[in-house]
Amino acid sequence: MVLKIFFPQCCNTADSGLLVGRWIPGHNSAVVLAVIHYPFIPGQVKKYLSELQSQTQVDLTVLGSWSMPKEGQEGMDSFLKDLSTIFPQKCWLQLSREIGKRGFTCQVVQNNGKLLQDQEQKNGDDKIILIHYDQRKVMLSQLHPVQDVGQKSDVEPSELRLVFLTVAQSQPLFFLDKYDDGPLKLTHWQSEGREASIIAELLKQVSVPVCIFLTWLLSLWHWLCSFRMLHLRPVLFISSKLSTCVQSGYRAVHFKTVFSPKKAARHMEFMRKANIFVSFLVDIALGLLLILWLYRENRISKLADTLVPVADRVAKELQELLEWLMGAPAGLKMNRALDQVLGRFFLYHIHLWISYIHLMSPFIERILWYVGLSACLGLTFALSILSDIVALLTFHIYCFYVYGARLYCLKIYGLSSLWRLFRGKKWNVLRQRVDSCSYDLDQLFIGTLLFTILLFLLPTTALYYLVFTLLRLVVVLFQGVIHLSVDFINSFPLFAIGLRICRPYRLAEGVKFKVLCQEPGTPLHLMMEINPLKCSSVLQCYRMPTYSCSPKDSWAALCKKLFVGELIYPWKQKTAKTD
Amino acid sequence: MAEEEFTDINGNSISLDCQTRSAFCREFTVTSPKLSLRKVMVYTCFVWLFAYAVFFFTENTTVLSSAIILTLAGMMIHIHFVKVDHETLLIIGSLGVQLSSFYASGRESTIFIEMNKLKDIVINEAVYMHGIIYYLCILIKDPADPETVTSVVPLFQSSKPRLNCLVQVYRSCQEILAQ
């Protein structure tokens, strides 16, 4: 059986001492975490280790001895052998390194005194692999797919996962550095001096009261939103249609996650918080840039000034379209009476709309100016408001579409039912199928008459329906593009991508091994490096769930609905998912 | 170390290099033939002659600049993403198997498969284009369910060596896996 020893690179040049680490259960391997130097008192070492064991939940033990003899330390060998009696172990490792040579030699002593491997094997073939690893990187890294520590899973964690977990959980071991005046002197990755930054510490101290204050503000907002008045049916209905309200509700949920004073325990929670926070900051920054661009050279007033003429122009174009439909559109011959009725009906609506716009025009500039300021809440807000403004300005197109669709739908239903009557059949509601039925003569007569009338009126209605559906689809497409971009900004994991680019070892897909050149008589030395996660996997793993605006219906269902005349709502917004 | 003359399935000559690092660790490197200068020159000349012909008719210098940029971009994409220089299989007994591909631009793409996920290394047959070829592959199992094969990872996909080369690699690997 091959014994694998994971040895940190920082201890390659450490002075002689004791190896402290953990035996990986279930696999024949050991992880060395630190080296305790001479002189030490064995009782204090045992006390320190048991303290750390209760703190970190990692069963740290003394694994063996490490010797790198300098001049004047020749008598170490016998001293090292005696140490194995003080710290009783099943297996005692004796690693040693000579100055000038790159390979280590390793001997393993079992507790009955016998050496593990046969010394007479050729090439000094020890069944031992020494794997060097970068302690700091392995400590900070997270293997994907993420398996949680406390979660009970059927899969036993693999050897590498256990190694990563051991190093990550042993953080308190690395707090003692060489400037501490304790009884023990250790070597690990931080023994040259603990890394800390004043700014990070200050931010950590400040963040707790800030988080508490912001959580209180959020609870105030929730209390405001829970007023009875705001829960009336019409208000609820409108607010579910306006994308601004949806976006603000969504952001409130985000804030609740980010500003909770509890520290994130698991990796996924931490990444989620960080992603939301960074997304939010970038959103605000982009919103402020937009404000800068809009308010410089007073572009917003220019925009407001062009708004009314544009609305006028749209109304005029619609009027011309209706005049065209009332004549002989594309050479088709329409039913004159129905044509005139529908055309005049829609023209009157447009007239009402124009008057309404003209009524609003003195206030538009002021309103737009203040609404533009709300972009400081984020670019997503500005885009949602744009989408809502477009929806409000094209409300008449929506109304026309609904009228046309309802009329057409009624006609199609009437036609299909009367067609069944024409053939002598009937729709059986109880059995949900078509049955034959014997009609009276007068029923047949009236039915056939109505059928003919409806059939000949069909082209006119169908044309109106077609024109207004196309217009409505154009508006829906534009709104869909805006919603997709809002969705993208909401769900893109910026922090994870930034981490992958700047600190690729933090998100690990696996490991890479490199064989280090060896000298005869030494065991196999490997260098373990971290293989970072691919960018596509990062996106897939850390993408935040959103109220995804994907099309509700497939293409086939959409076409069927259009043909039959049912009202279509292609971008259905789901309610915010709660995890 | 051993180097012998092998060919891939198309008849181009490749080389196999076996290094025995220790009793239970071996490394196999299959090197593909390098990018041939003649092919590069032929393609470049073809593209540029075509661009000159278009320029002759349209008198627009954008055609020439875009042809140059296209050629450069195409070459860079080819050597960074497509052209594999050599592929390595490193097998370490009781630890796992590592597969890496080194591209002509120096880029390295590596995956490591742990021993508890590895069921076996076998030579398999596949229908490829108009013929049947042999390829070496690793059978992956789920540690919780050791009897079923969850996926198959083919080795040496870019170099596609022939059976004699595969048999040598297979025998070496089986010696280590049997330990």
# chains A, B, ... in the order shown; residues from 1 in each chain; ligands from 1
>>> interface_residues(of="chain A", to="chain B", cutoff="7 Å", atoms="only C-alpha atoms", output="list in words")
Val2, Val155, Gly510, Val511, Lys512 and Leu524 of chain A
>>> residues_around(residues="stretch 128-131 of chain B", least_positions_apart="2", cutoff="12 Å", atoms="only C-alpha atoms", output="PyMOL selection string")
chain B and resi 9-10+125-126+133-135+157+160
>>> write_last_selection(atoms="C-alpha atoms", output="PDB file, in the first residue's frame")
ATOM      1  CA  ILE B   9      -4.645   6.757 -38.073  1.00  0.00           C
ATOM      2  CA  ASN B  10      -4.023   9.071 -41.030  1.00  0.00           C
ATOM      3  CA  GLU B 125     -13.347   0.376 -31.011  1.00  0.00           C
ATOM      4  CA  ALA B 126     -15.310   3.209 -32.566  1.00  0.00           C
ATOM      5  CA  ILE B 133     -10.483   2.917 -35.218  1.00  0.00           C
ATOM      6  CA  TYR B 134      -9.120   1.828 -31.884  1.00  0.00           C
ATOM      7  CA  TYR B 135      -8.831   4.274 -29.043  1.00  0.00           C
ATOM      8  CA  GLN B 157      -7.955  12.349 -28.969  1.00  0.00           C
ATOM      9  CA  LYS B 160      -5.141   9.329 -32.522  1.00  0.00           C
TER      10      LYS B 160
END
>>> atom_distance(atom1="atom CA of A:Val108", atom2="atom CA of A:Cys91")
6.6 Å
>>> atom_distance(atom1="atom CA of A:Gln142", atom2="atom CA of A:Ala508")
5.7 Å
>>> select_by_dssp(residues="chain B", states="strand (DSSP E)", output="count of residues only")
80
>>> select_by_dssp(residues="chain B", states="helix (DSSP H, G or I)", output="PyMOL selection string")
chain B and resi 37-58+61-82+115-117+163-178
>>> write_last_selection(atoms="C-alpha atoms", output="PDB file, in the first residue's frame")
ATOM      1  CA  LEU B  37       5.306  25.645 -42.935  1.00  0.00           C
ATOM      2  CA  ARG B  38       4.316  24.663 -46.468  1.00  0.00           C
ATOM      3  CA  LYS B  39       0.616  24.418 -45.519  1.00  0.00           C
ATOM      4  CA  VAL B  40       0.706  27.806 -43.817  1.00  0.00           C
ATOM      5  CA  MET B  41       2.330  29.422 -46.860  1.00  0.00           C
ATOM      6  CA  VAL B  42      -0.166  27.811 -49.228  1.00  0.00           C
ATOM      7  CA  TYR B  43      -3.179  28.995 -47.229  1.00  0.00           C
ATOM      8  CA  THR B  44      -1.834  32.506 -46.790  1.00  0.00           C
ATOM      9  CA  CYS B  45      -1.021  32.844 -50.502  1.00  0.00           C
ATOM     10  CA  PHE B  46      -4.455  31.566 -51.436  1.00  0.00           C
ATOM     11  CA  VAL B  47      -6.258  34.032 -49.157  1.00  0.00           C
ATOM     12  CA  TRP B  48      -4.157  36.984 -50.279  1.00  0.00           C
ATOM     13  CA  LEU B  49      -4.473  36.213 -53.998  1.00  0.00           C
ATOM     14  CA  PHE B  50      -8.233  36.047 -53.541  1.00  0.00           C
ATOM     15  CA  ALA B  51      -8.150  39.378 -51.685  1.00  0.00           C
ATOM     16  CA  TYR B  52      -6.099  40.957 -54.474  1.00  0.00           C
ATOM     17  CA  ALA B  53      -8.584  39.712 -57.045  1.00  0.00           C
ATOM     18  CA  VAL B  54     -11.465  41.282 -55.109  1.00  0.00           C
ATOM     19  CA  PHE B  55      -9.448  44.489 -54.712  1.00  0.00           C
ATOM     20  CA  PHE B  56      -8.827  44.551 -58.440  1.00  0.00           C
ATOM     21  CA  PHE B  57     -12.556  44.665 -59.068  1.00  0.00           C
ATOM     22  CA  THR B  58     -13.729  46.851 -56.196  1.00  0.00           C
ATOM     23  CA  THR B  61      -8.333  48.903 -49.698  1.00  0.00           C
ATOM     24  CA  THR B  62     -10.477  47.680 -46.802  1.00  0.00           C
ATOM     25  CA  VAL B  63     -10.548  44.285 -48.507  1.00  0.00           C
ATOM     26  CA  LEU B  64      -6.767  43.976 -48.273  1.00  0.00           C
ATOM     27  CA  SER B  65      -6.548  45.076 -44.637  1.00  0.00           C
ATOM     28  CA  SER B  66      -9.378  42.792 -43.639  1.00  0.00           C
ATOM     29  CA  ALA B  67      -7.685  39.870 -45.428  1.00  0.00           C
ATOM     30  CA  ILE B  68      -4.484  40.499 -43.483  1.00  0.00           C
ATOM     31  CA  ILE B  69      -6.336  40.782 -40.180  1.00  0.00           C
ATOM     32  CA  LEU B  70      -8.358  37.668 -40.927  1.00  0.00           C
ATOM     33  CA  THR B  71      -5.256  35.648 -41.730  1.00  0.00           C
ATOM     34  CA  LEU B  72      -3.502  36.736 -38.557  1.00  0.00           C
ATOM     35  CA  ALA B  73      -6.549  36.138 -36.380  1.00  0.00           C
ATOM     36  CA  GLY B  74      -7.171  32.762 -37.967  1.00  0.00           C
ATOM     37  CA  MET B  75      -3.574  31.696 -37.398  1.00  0.00           C
ATOM     38  CA  MET B  76      -3.646  32.802 -33.775  1.00  0.00           C
ATOM     39  CA  ILE B  77      -6.897  30.985 -33.108  1.00  0.00           C
ATOM     40  CA  HIS B  78      -5.548  27.885 -34.795  1.00  0.00           C
ATOM     41  CA  ILE B  79      -2.353  27.622 -32.775  1.00  0.00           C
ATOM     42  CA  HIS B  80      -4.042  28.547 -29.495  1.00  0.00           C
ATOM     43  CA  PHE B  81      -7.192  26.479 -29.654  1.00  0.00           C
ATOM     44  CA  VAL B  82      -6.858  23.847 -32.352  1.00  0.00           C
ATOM     45  CA  MET B 115      -8.181   6.577  -8.351  1.00  0.00           C
ATOM     46  CA  ASN B 116     -11.474   5.948  -6.571  1.00  0.00           C
ATOM     47  CA  LYS B 117     -13.337   7.234  -9.649  1.00  0.00           C
ATOM     48  CA  LEU B 163      -3.077   0.033 -32.212  1.00  0.00           C
ATOM     49  CA  ASN B 164       0.622  -0.788 -31.728  1.00  0.00           C
ATOM     50  CA  CYS B 165       1.196   2.400 -29.792  1.00  0.00           C
ATOM     51  CA  LEU B 166      -2.014   1.972 -27.801  1.00  0.00           C
ATOM     52  CA  VAL B 167      -1.121  -1.578 -26.833  1.00  0.00           C
ATOM     53  CA  GLN B 168       2.196  -0.465 -25.394  1.00  0.00           C
ATOM     54  CA  VAL B 169       0.545   2.253 -23.303  1.00  0.00           C
ATOM     55  CA  TYR B 170      -2.225  -0.152 -22.256  1.00  0.00           C
ATOM     56  CA  ARG B 171       0.178  -2.819 -21.027  1.00  0.00           C
ATOM     57  CA  SER B 172       2.172  -0.302 -18.980  1.00  0.00           C
ATOM     58  CA  CYS B 173      -0.949   1.143 -17.403  1.00  0.00           C
ATOM     59  CA  GLN B 174      -2.344  -2.269 -16.514  1.00  0.00           C
ATOM     60  CA  GLU B 175       0.908  -3.150 -14.741  1.00  0.00           C
ATOM     61  CA  ILE B 176       0.497  -0.134 -12.501  1.00  0.00           C
ATOM     62  CA  LEU B 177      -3.242  -0.551 -11.966  1.00  0.00           C
ATOM     63  CA  ALA B 178      -2.754  -4.153 -10.946  1.00  0.00           C
TER      64      ALA B 178
END
>>> residues_around(residues="B:Tyr103", least_positions_apart="3", cutoff="6 Å", atoms="only C-alpha atoms", output="ChimeraX atom specification")
/B:83-85,106-107
>>> residues_around(residues="B:Ser13", least_positions_apart="6", cutoff="7 Å", atoms="only C-alpha atoms", output="PyMOL selection string")
chain B and resi 6-7+33
